[in-house]
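Below: the structure, in structure tokens.
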Amino acid sequence: MTPEVDLGPVLPELLLVAVGIAGLLYEAFARRSDVRIHLTLALFAVAVAAVAAASLWGREGPAFVLGDTVAADRFSVLATAILLAAAFVGCLYYAAEAGRDPSLYRGEFFPLVLFATSGMVLIAAANDLILVFLALEILSLSLYVLTGITGRRQASEASLKYFLLGAFSSAFFLYGVAMAYGATASTKVTAIANALTGTGDELALALVAVAFLAIGFGFKVSAVPFHMWTPDVYQGAPTPVTAYMSAATKVAAFFALIRVFDVAFQPLWWDWTVLVVALAALSVVVGSVLAIAQSDVKRMLAFSSVAHAGFVLTGLTAADAAGIRSAMFYLVAYAIMTLGAFGVVMLVEAGREGRTTLRDFAGLGTRRPWLAALMTVFLLSLAGIPPTVGFIAKVTVFSAAIGAGHWPLALLGVLTSVVAAFFYLRVIVYMYMRQPEGDPVEATVPGAPLVTAGVLAALTLVLGVFPSLLAGILEEASILRW
Amino acid sequence: MPLDNVVFWVFAPISIASAVGMLVMRNAIHAALFLVVNLFCIAVMFLLLDASFLFAVQIVVYAGAIMVLFLFVIMLLGVDSGVSVRERLLGQRPLAIALAVAFIAELFVAVRAGIGFATHAPPGFEAVNQPGNTQALSEVLFREYFFPFEVTSVLLIVAAIAAMVLARRQAPAVTQAELEAHRAQVTDELEHAAAEPPA
Amino acid sequence: MVAAELVPQEAIGRASLLWLIPALPLLGAAIDLFVGRRLGRWAGWLATALVAASFLISIGVVTQLLDLPDEERLVVQHLFDWISVGDFRVGMDLRLDAVSATMILVVTGVGSLIHLYSIGYMRDDPRFGRYFAYLNLFVFFMLMLVLGANYLVLYLGWEGVGACSYLLIGFWFEEVANTEAAKKAFITTRIGDSLLLIGLATIVFKFGTLDYGEVFTGAPAVLTESAATVIALLLLAGAIGKSAQLPLHVWLPDAMAGPTPVSALIHAATMVTAGVYLVIRSVPIFELSPVALDVVAWVGILTVLFGGICALAQWDIKRVLAYSTISQLGFMFLAVGLGAYAPALFFLVAHAFYKALLFLGAGSVIHGMEGEQDLRRMGGLGRRMPWTAFTMGIGALALAGFPFLAGFFAKDIVLEIANTNERWGFYVFGSIGALLSALYVSRLWFLTFVGRPRSEAAEHAHESESLMVVPLAVLGVGAALGGVLSLGPHGWISRFVEPLVGLVPEGEEGIPGPAFLVIAVGITFAGLLVAWWVYASGRVDWHRLRERLEPLPRAALHGWYVDRAYDAVIVQPAKALAGITANVVDAKGIDGLVNAIGGGTRRLARSGRLLQTGFVRSYALVVFAGAVAVLLYVGSRL
Amino acid sequence: MSEHVLTVTVFLPLVGVAAILLGGRRLPDPAVRWIALAITLATFAVSLTILGDFDGADGGVQLVDHAVWSASAGLSYLVGVDGISLWLVLLTTFLFPISVLASWTIERDAHRYMAAMLALETAVLGSFLALDLLLFFVFFEAMLVPMYLLIGGWGGERRVYAAIKFFLFTMAGSAFLLVAAIVLYANAADRLGQGTFDLRALAAVADTLPVGTARVLFLAFFIAFAVKVPVFPLHTWLPDAHTEAPTAGSVILAALLLKVGTYGLIRFNLTLFPEPSRYFATFVSVLAVIGIVYGAVCALIQSDVKRLVAYSSVSHLGFVVLGIFAFTEQAVTGGVLQMVNHGLATGALFLLVGMVYERTHTRQLSEMGGLAGPMPWLLGAFLFAVFASAGLPGLNGFVGEFLVIAGTFAVDHVLGALSVIAVVLAAIYLLWSYQRIALGPVREDHRHLPDVTRREVVVLAPVLALLLVLGVYPSLITSDVDPSTERVIARVDPQGQTTDVGDVGVLEMVEAP
Amino acid sequence: MRTPIAYFVMLSGILFALGTVGVLTRRNALLIFMSIELQLNAVNLALVAFSRMHNQLTGQVLAFFSMVVAAAEVVVGLAIIVAIFRRRRTIDVDDARELRW
């Protein structure tokens, strides 16, 4: 029997990889690689992949393809869309940054981002734990390299730390895959679910599998206590990479986590929700509190991303469609605001010799009113203040959690967002209520990232006011078949 | 005592001992060699478990290629003397060992509950391995797991790019001292910053 | 014995102009406030004219009232609903009856005279217009107080006059002492007012209304004796504050810091009598509580004695009069407490005349002495200021109870009512009070007008302008002849008022009538003679005499140190308490807790960030520890 | 127009925000000011048409504007007005032009300042009009940001501390509100099959909750609003925020933002949770009375005049809360009236303090004195506002205060009587502070300070006039408020013994025995 | 085969734990990396054991993939370590702590 090969559902991944290889060849053989060509290629790849993904939305056909290793559902299409958007923004940012400071330029950035994105897209669609693992490795390895791509001192340190800890945690993840296999004789998500629904014979191994997988995912989404790498890596990596990484990794890992936990281990939800509650509680508290003490904005945003992981987990404590929807909405929101915030940080950094401390934001309100305004929107959204998308996102995850009876967790989340508001507000304080110091090298702000950030800010507000724009899509995407 | 039992009880201690050896060796080369021993023991275990193909791959790829690469890098960097083995982190070692013991204990509990220490492998694996481990394996690999197999190629490309990117030489930018000074200043400022209660 | 509440009549005919009586002074106040400076001297004339117009309208309205039969002498004019929430309604209603009629005549009558006097007195003041604005505003509020047909309109006027009193006492606000006095007056009376406010709340609770008509009609049925006592005492508290009775009298002597016409109008003739008015007004409630009436009487008599003794020791001419006012108001309270409402009202009217006269006279003296107020630096002014001396003499005699002057009748009736077997204590103390009145007022007159000038200023004093003297003369006539309104317990004013407030209670006579009269007159003459002997005969060195009596005179001079006691027992501890509350409890305690939460979080963050050591192996350890913890949880689920 | 009049009112200021922000630096500062003034005046004009369309006799919600916001999440855009919110809305639209005009002298970043003001107006109006719990919360939280920017950007020396404290304090309070709201939503989903935040539907849902749950939810709502009001002991953000905010900020903060708290207590706590409201009434009332006295006591010894007014707000708002939780028509209506009154009186005080500050550049009472000499009109107006604030009858502060006292006294004599202490204390701290500002000898360098300018007259006159008008004719407001409070009380206390203190029936009692 | 499967699984667990200890206690980046390799191998052992237990070859396929991953990781890892060494002249991970707090 020859398996039916339907490559349609993985067309976006294939396109990304293909163009990635093309870019690689260009980099290898061109005498002087040109950022514009790389950028064009990459954006083209993203655009084409997006079209391919869009066409999959209305796809009719079997739910699982390619030997049941890939799920062809709207859930993965949505993930693809978000991830492509993140890649798009990341490439734009990097191109602008490289245009400003040629010493930062590495042509391989673009193929790597495409490969990473293909891994992320795949991880969200993977219906087999081993494929999840492989995709995870693709994106991880790409990101390790991207983190250190400039070769600067801090970047290489970040890269080393990220790599060592990443490899360490993927060992746990792999162990989890092994345990799942041991428990159910399969690594197919759907098969595991079916196996676990039947009897409780090998429950112990399944639980261990859940634990190990939670560790692996926890690391990727930077949930406490597996978050330790996050601040160092976010701070050390070049800002465009941080922007891309913070948004895309989290989205990809969470989508995979949702599929694994809410489908494969759905029968064990009673057990894993407790774990998720604990991780969520720890993440929101530790992320929010530790961010207070940070003086570097990138580092602060890193801790905030830890807290946001906690909020997504809060939504996932509801092991039902509502929980999935809320988490997806939160991820969309988070991607928008974190991409925007890091974009602004990058633009500020450009005028401050690469520094990103709070002081470098002093007086931004008068120096660059638009930049400050954009940053304010993102910060308020991150803090969950209406009428931004961050607020609606928080409400939806808390609704899901409360609907599942986890109101103490919701309360904790809301209270810690007060703590979080403190450090977001502090940036605003610096921007609007402090005088700028020193004479900054006022680099001209490149247009593309500014426009991008502007669009993101507009999205932040529009989705904050009209969250229903996403409702239908999320409704469709939250249906996970098995 | 059946042969496989004997083999197990001979190689299992060796593998553990070699792993421990790797942990305690001062010299990186010695440690690497212990790891080779360990990998070999695991290969033997594969054989015990009727995975002859993996046994071969383990020895060729792991003990052979990968470890050689390791040794090559160790020698290339010539760094062995540069790294101290003194523990500078307070409580790191005891904590690591304690946690590892706890980890093993937990696993023990789980395995006992999940599999049980009296459960033997079911008979009839020969049937599965027809017409031979390698062929049977390739059946599964290329029928059921052909897509992941293709995906691994992407993984390897990424690895190649990584080597390409990281092998280049880089130029320094802002010095660390500058950044440190700047950060110290800001940190200091934050101590007396915004939300300080009124004097 | 209280008469039943009358049936209110509609305000028709002249009575329909009732609203104009308060409205005209209000108009004057508004005009003078906004354009007073541009009007110059006309501001004063305008104000005076408007109050005078009010007086004329009052006469017109009151005469109409008099034309009605006794049981119909109650006119209520509804202007608009002030408050209307649910079934609770308070109308902006004016009520003209015998009591308020008497009051508006006094207020507008005496008021217009004092306005006239002020034109001269305030001639050179840079804030001339504003002065008259305030004065007119005061008249407005005072009229609202007495005309109000419910307790809330009364309260409106009540607080309004307080505010005006504040403005006028502190009129010369550049002096800190004046502003202190103003503030003290307002706050001290507000203490009484707050209790009055509780009283009003209690009335609302019991009656669901504040309307006099409904309350008075319902009182016997609704109120038990204890409830009536509670309400009455709360109302009394307000009255005590406003009328400067013990123990809230402390503000009145200080209130003399204001311009003298203000003292005459507000702190002698009208505002301070509002307390008496309130009690008389609330007779149907007080009648239900003998206890409350006793308290009123006791407060009155104690204040009579206290004020009299203090007045005797003062050096400041206005402070003598202030303590005198306190004492005289005590007489009115005594009268009310004894159930003699109509006589109390008469006392009020008579007192308005002679005390206003005395104050205006004192103002004339001060004016003539270029601002000097110390009796020790006066003397012999009688020759230089004959009109003032003469008119003040009439006022003094009236106050002393000289036969057939207004004060004689007033005091006489009160003592006569006290002159029963059960109440002989009041009679005795009241008589002592009368003696004190005679003593201090004649002391004042002698020290001012008789003897040799005791200072440079006294030698060069001059008579005031006619604008100021005319009102003195008119008031002098009033003080002299006011008695005709109340010849004996059943005089004209009693007959007018009694349908409303009831008859004077009859008791068994203590000292027989003729003897009583002799004693009363004897007391007055004794007082006059003693004062003459000490201060005017030249045979006694009154300085030495005073020294020999120390420390009593000094204590009396300082009002028996009540102020200092209040300061030590209430004000300072309260300040300290406020300081502790604000600076310790609030700043350190509650806000300290808030800041501690914030600071604690920050400290936690500051130490927590140290976990992020930068050592990748530490990070790995944390990850591993997390893994073990997760497995531990899993183990617990097996 | 008229069916969407509320929506237009709420969002009209946002048009101004857009205009100012898009105009950016091309707009000169004066243009920005005039735009802001024009927009706020237009909003005021539009809001007056609400008054025209409003049926005062109907106590229910009127002029409802409804649109589905997010059907799946059960969110709706739902605004409506009743007697309670009507006058708060008008107060808002009335005070904003005045605040804009009072900010005419803002030089630095006028764009941002005015944009923040206008955004704030939308948020405040939205809070008063929203009938959807989540929509309310959106506006409630959205208020924080512009206010934060106003305090932090244009405030006094410790503005950053004050701004952050204000923000975090309120946000911490509203955290409970959000969770409680979502719990209600979840219960609605259980009981109605579809989650909703519609207040009208939620009331029915809340009635079916177990008593314990309802009480906990009540407390959660209460904490949120208690911070905003602020109820003792959650008040400590207020003195700092009031003191450091720029003049218009203080005005809006005191006059409007605090009212959102008391409004929320009526609209949400009482309406959603009748039984818990009764259960906690004594507790809340005791807190209110403590606040009344405590605020007044603290105000006594303040040396900073804005701080003093701030503490006086704690005291005055205590009256409002006390009234609300007395559940008598007079007390609740008096409470609502007092909200408007306090808004006007304290607003006036802050405006005046601001004007004095612009001249003397100090807020320390010890550095002023005798200012009534050089500036008779300004300080005259000040005294007027002081009297209004002290509850002098004839001015607006009195009627509300009296209704609250009388209405409370009828159900609880002790609390009603204790609250009166504040009447005395208010006189003390207000007059004492006035004395130290205006009276006594004037400092040499203050001798030639100018009196009110024409612009300041325009700012002050309407407010001061209203202080008088509402003191003499409060029915202007109470006639609209009363039917609505009657409904609220009927819901909270259907079998109440005393819900209308005017309903004693003295005359029947006279005839009966 | 007479040896119970659980023995193999436990052996894998012990080796995994030892690998972890190596990651936690060695300062040499290369040795840490080697410890991670040990962990991956331990997992492979478990996979193959389970494969035998289930009478399936899937587990062996998984182990095969895991080896590929390990190989790719080695390439990237060693490249990173070499790059670090070039910049800092040391591969003591404890020296790489500029990013902290």
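Quick note on naming: the chains in the structure tokens go A, B, ... in the order shown, residues restart at 1 in each chain, and ligands are numbered from 1 in order of appearance.
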
Would you tabulate, counting only C-alpha atoms, all residues of chain C that have an atom at most 7 Å from an atom of chain D, showing the closest pair of atoms and their distance in Å to one decimal, sorted by chain then ascending number, as a Markdown table?
```
| residue | atom | partner | partner_atom | distance |
| --- | --- | --- | --- | --- |
| C:Trp82 | CA | D:Tyr473 | CA | 5.7 |
| C:Ile83 | CA | D:Ser475 | CA | 6.1 |
| C:Ser84 | CA | D:Ser475 | CA | 6.4 |
| C:Val85 | CA | D:Gln330 | CA | 5.9 |
| C:Gly86 | CA | D:Glu329 | CA | 6.4 |
| C:Asp87 | CA | D:Gly502 | CA | 4.5 |
| C:Phe88 | CA | D:Gly502 | CA | 3.9 |
| C:Leu156 | CA | D:Pro393 | CA | 4.8 |
| C:Glu159 | CA | D:Leu392 | CA | 6.4 |
| C:Phe173 | CA | D:Leu439 | CA | 5.3 |
| C:Glu174 | CA | D:Gly440 | CA | 4.2 |
| C:Glu175 | CA | D:Gly440 | CA | 5.3 |
| C:Val176 | CA | D:Gly440 | CA | 4.7 |
| C:Thr179 | CA | D:Leu439 | CA | 6.7 |
| C:Lys183 | CA | D:Leu431 | CA | 6.5 |
| C:Ile187 | CA | D:Ile428 | CA | 6.2 |
| C:Arg190 | CA | D:Val424 | CA | 5.8 |
| C:Ile191 | CA | D:Val424 | CA | 5.8 |
| C:Ser194 | CA | D:Val420 | CA | 6.0 |
| C:Ile198 | CA | D:Ala417 | CA | 6.0 |
| C:Ala201 | CA | D:Ala406 | CA | 4.5 |
| C:Val204 | CA | D:Ala406 | CA | 6.5 |
| C:Phe205 | CA | D:Ala410 | CA | 5.0 |
| C:Phe207 | CA | D:Val506 | CA | 5.7 |
| C:Gly208 | CA | D:Gly502 | CA | 4.0 |
| C:Thr209 | CA | D:Gly502 | CA | 6.1 |
| C:Gly218 | CA | D:Val510 | CA | 5.6 |
| C:Ala221 | CA | D:Val510 | CA | 5.4 |
| C:Val222 | CA | D:Met509 | CA | 7.0 |
| C:Ala578 | CA | D:Val297 | CA | 5.3 |
| C:Gly579 | CA | D:Ile301 | CA | 6.2 |
| C:Thr581 | CA | D:Cys298 | CA | 6.2 |
| C:Ala582 | CA | D:Cys298 | CA | 4.7 |
| C:Ile590 | CA | D:Pro233 | CA | 6.9 |
| C:Asp591 | CA | D:Thr236 | CA | 5.6 |
```

Preceding selection exported with N, CA, C and O atoms as a short mmCIF file (atom, residue, chain, number, x, y, z; two decimals), in the first residue's frame:
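result-v9.cif, written as the output of this step:
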```
data_model
loop_
_atom_site.label_atom_id
_atom_site.label_comp_id
_atom_site.auth_asym_id
_atom_site.auth_seq_id
_atom_site.Cartn_x
_atom_site.Cartn_y
_atom_site.Cartn_z
N TRP C 82 -39.38 73.90 47.52
CA TRP C 82 -37.93 73.93 47.64
C TRP C 82 -37.40 72.52 47.44
O TRP C 82 -36.58 72.24 46.60
N ILE C 83 -37.93 71.62 48.26
CA ILE C 83 -37.51 70.23 48.15
C ILE C 83 -38.77 69.40 47.96
O ILE C 83 -39.78 69.64 48.62
N SER C 84 -38.68 68.46 47.05
CA SER C 84 -39.82 67.57 46.86
C SER C 84 -39.27 66.23 46.43
O SER C 84 -38.93 66.02 45.28
N VAL C 85 -39.11 65.36 47.41
CA VAL C 85 -38.58 64.04 47.11
C VAL C 85 -39.51 63.02 47.72
O VAL C 85 -39.71 63.00 48.94
N GLY C 86 -40.09 62.18 46.89
CA GLY C 86 -41.05 61.22 47.39
C GLY C 86 -42.20 61.99 48.02
O GLY C 86 -42.68 62.98 47.48
N ASP C 87 -42.60 61.53 49.19
CA ASP C 87 -43.68 62.23 49.87
C ASP C 87 -43.17 63.34 50.77
O ASP C 87 -43.95 63.95 51.51
N PHE C 88 -41.89 63.54 50.75
CA PHE C 88 -41.32 64.56 51.62
C PHE C 88 -41.22 65.87 50.85
O PHE C 88 -40.54 65.95 49.83
N LEU C 156 -32.66 77.80 56.84
CA LEU C 156 -32.02 78.58 55.78
C LEU C 156 -31.64 79.96 56.30
O LEU C 156 -30.50 80.40 56.16
N GLU C 159 -28.88 79.74 59.17
CA GLU C 159 -27.49 79.61 58.73
C GLU C 159 -27.07 80.85 57.95
O GLU C 159 -25.92 81.27 58.00
N PHE C 173 -11.03 92.50 57.56
CA PHE C 173 -10.34 91.21 57.65
C PHE C 173 -8.82 91.34 57.68
O PHE C 173 -8.13 90.37 57.83
N GLU C 174 -8.33 92.56 57.51
CA GLU C 174 -6.87 92.69 57.55
C GLU C 174 -6.33 92.38 58.94
O GLU C 174 -5.17 92.03 59.10
N GLU C 175 -7.22 92.58 59.96
CA GLU C 175 -6.81 92.26 61.32
C GLU C 175 -7.08 90.78 61.58
O GLU C 175 -8.21 90.32 61.44
N VAL C 176 -6.04 90.08 61.99
CA VAL C 176 -6.22 88.65 62.23
C VAL C 176 -7.24 88.41 63.33
O VAL C 176 -8.07 87.49 63.24
N THR C 179 -10.75 88.30 62.02
CA THR C 179 -11.11 87.09 61.28
C THR C 179 -11.24 85.90 62.23
O THR C 179 -12.09 85.05 62.05
N LYS C 183 -14.59 83.67 62.58
CA LYS C 183 -14.58 82.22 62.45
C LYS C 183 -15.14 81.57 63.71
O LYS C 183 -15.94 80.63 63.66
N ILE C 187 -18.31 79.06 63.85
CA ILE C 187 -18.12 77.66 64.22
C ILE C 187 -18.84 77.33 65.51
O ILE C 187 -19.47 76.29 65.64
N ARG C 190 -22.26 76.97 64.85
CA ARG C 190 -22.50 75.78 64.02
C ARG C 190 -22.58 74.52 64.87
O ARG C 190 -23.24 73.56 64.49
N ILE C 191 -21.91 74.55 66.02
CA ILE C 191 -22.01 73.39 66.89
C ILE C 191 -23.46 73.23 67.33
O ILE C 191 -24.04 72.13 67.28
N SER C 194 -25.61 72.14 64.37
CA SER C 194 -25.57 70.74 63.97
C SER C 194 -26.56 69.93 64.79
O SER C 194 -27.21 69.03 64.27
N ILE C 198 -29.91 67.78 63.65
CA ILE C 198 -30.38 66.46 64.09
C ILE C 198 -31.82 66.57 64.56
O ILE C 198 -32.65 65.68 64.33
N ALA C 201 -33.93 66.48 61.67
CA ALA C 201 -34.01 65.11 61.15
C ALA C 201 -34.98 64.29 62.00
O ALA C 201 -35.74 63.47 61.49
N VAL C 204 -38.41 65.19 61.05
CA VAL C 204 -38.77 64.52 59.81
C VAL C 204 -39.12 63.07 60.09
O VAL C 204 -40.10 62.52 59.57
N PHE C 205 -38.31 62.45 60.93
CA PHE C 205 -38.53 61.04 61.24
C PHE C 205 -39.91 60.84 61.88
O PHE C 205 -40.64 59.91 61.54
N PHE C 207 -42.52 63.10 61.97
CA PHE C 207 -43.69 63.70 61.32
C PHE C 207 -43.69 63.53 59.81
O PHE C 207 -44.71 63.70 59.18
N GLY C 208 -42.55 63.26 59.23
CA GLY C 208 -42.48 63.17 57.78
C GLY C 208 -42.60 64.52 57.12
O GLY C 208 -42.82 64.62 55.91
N THR C 209 -42.49 65.55 57.89
CA THR C 209 -42.62 66.90 57.33
C THR C 209 -41.93 67.85 58.28
O THR C 209 -41.66 67.52 59.43
N GLY C 218 -49.90 67.95 64.74
CA GLY C 218 -49.71 66.54 65.06
C GLY C 218 -48.98 66.28 66.36
O GLY C 218 -49.07 65.18 66.91
N ALA C 221 -50.36 64.24 69.32
CA ALA C 221 -50.69 62.86 69.01
C ALA C 221 -49.46 62.03 68.70
O ALA C 221 -49.38 60.86 69.04
N VAL C 222 -48.50 62.67 68.05
CA VAL C 222 -47.36 61.90 67.55
C VAL C 222 -46.29 61.71 68.61
O VAL C 222 -45.69 60.65 68.72
N ALA C 578 -6.43 65.53 65.34
CA ALA C 578 -6.43 65.68 63.89
C ALA C 578 -5.03 65.46 63.34
O ALA C 578 -4.84 64.81 62.31
N GLY C 579 -4.05 66.00 64.08
CA GLY C 579 -2.67 65.82 63.64
C GLY C 579 -2.29 64.36 63.61
O GLY C 579 -1.70 63.87 62.65
N THR C 581 -4.33 61.85 63.44
CA THR C 581 -5.11 61.15 62.42
C THR C 581 -4.49 61.34 61.04
O THR C 581 -4.28 60.39 60.29
N ALA C 582 -4.19 62.59 60.72
CA ALA C 582 -3.72 62.86 59.36
C ALA C 582 -2.27 62.43 59.16
O ALA C 582 -1.93 61.83 58.15
N ILE C 590 -2.54 53.98 57.18
CA ILE C 590 -3.27 53.46 56.02
C ILE C 590 -2.44 53.61 54.76
O ILE C 590 -2.23 52.65 54.02
N ASP C 591 -1.96 54.84 54.54
CA ASP C 591 -1.16 55.02 53.34
C ASP C 591 0.15 54.28 53.47
O ASP C 591 0.72 53.82 52.48
#
```

Residues of chain A near chain C: apply a cut-off of 10 Å, count only C-alpha atoms, and supply the list as number ranges by chain. A: 157-158, 160-162, 164-166, 168-169, 172, 203-212, 214-216, 218-219, 224-229, 231-232, 271-272, 274-275, 278-279, 286-294, 419, 422

Determine which residues of chain E receive a DSSP assignment of alpha helix (DSSP H), computed from the backbone, and state them as a count of residues only. 77

Tell me the residues of chain A close to chain D, meaning within 6 Å using only C-alpha atoms, as a list in words.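 Residues passing the distance filter: Pro386, Ser399, Gly403, Val414, Leu415, Val418, Met433 and Ser468 of chain A.
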
Those same residues, written as a short mmCIF file (atom, residue, chain, number, x, y, z; two decimals), in the first residue's frame with all heavy atoms?
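Final output, out.cif:
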```cif
data_model
loop_
_atom_site.label_atom_id
_atom_site.label_comp_id
_atom_site.auth_asym_id
_atom_site.auth_seq_id
_atom_site.Cartn_x
_atom_site.Cartn_y
_atom_site.Cartn_z
N PRO A 386 -8.58 48.91 28.46
CA PRO A 386 -9.41 49.16 27.30
C PRO A 386 -9.14 50.55 26.73
O PRO A 386 -8.64 51.41 27.47
CB PRO A 386 -10.83 49.08 27.87
CG PRO A 386 -10.70 49.30 29.33
CD PRO A 386 -9.33 48.84 29.69
N SER A 399 -12.70 34.89 31.29
CA SER A 399 -14.04 34.31 31.14
C SER A 399 -13.92 32.81 31.05
O SER A 399 -14.67 32.07 31.71
CB SER A 399 -14.72 34.82 29.87
OG SER A 399 -14.91 36.18 29.96
N GLY A 403 -15.37 30.37 33.69
CA GLY A 403 -16.36 29.41 33.23
C GLY A 403 -16.01 28.00 33.65
O GLY A 403 -16.88 27.16 33.88
N VAL A 414 -5.89 38.99 37.43
CA VAL A 414 -6.28 40.39 37.33
C VAL A 414 -5.43 41.23 38.29
O VAL A 414 -4.99 42.33 37.95
CB VAL A 414 -7.78 40.55 37.65
CG1 VAL A 414 -8.20 41.98 37.43
CG2 VAL A 414 -8.59 39.66 36.76
N LEU A 415 -5.21 40.68 39.47
CA LEU A 415 -4.42 41.46 40.44
C LEU A 415 -2.98 41.62 39.98
O LEU A 415 -2.37 42.68 40.14
CB LEU A 415 -4.47 40.80 41.81
CG LEU A 415 -5.81 41.00 42.53
CD1 LEU A 415 -5.82 40.26 43.85
CD2 LEU A 415 -6.06 42.48 42.78
N VAL A 418 -2.38 44.31 37.70
CA VAL A 418 -2.17 45.62 38.33
C VAL A 418 -0.68 45.85 38.57
O VAL A 418 -0.14 46.92 38.29
CB VAL A 418 -2.94 45.70 39.66
CG1 VAL A 418 -2.68 47.04 40.33
CG2 VAL A 418 -4.42 45.51 39.43
N MET A 433 7.08 62.03 30.92
CA MET A 433 7.21 62.85 32.11
C MET A 433 8.68 63.06 32.51
O MET A 433 8.96 63.54 33.59
CB MET A 433 6.43 62.22 33.26
CG MET A 433 4.97 62.05 32.88
SD MET A 433 4.08 60.94 33.95
CE MET A 433 2.67 60.51 32.93
N SER A 468 -15.24 41.34 17.72
CA SER A 468 -16.05 40.36 17.00
C SER A 468 -15.52 40.11 15.60
O SER A 468 -15.89 39.12 14.97
CB SER A 468 -17.49 40.84 16.93
OG SER A 468 -17.53 42.17 16.47
#
```
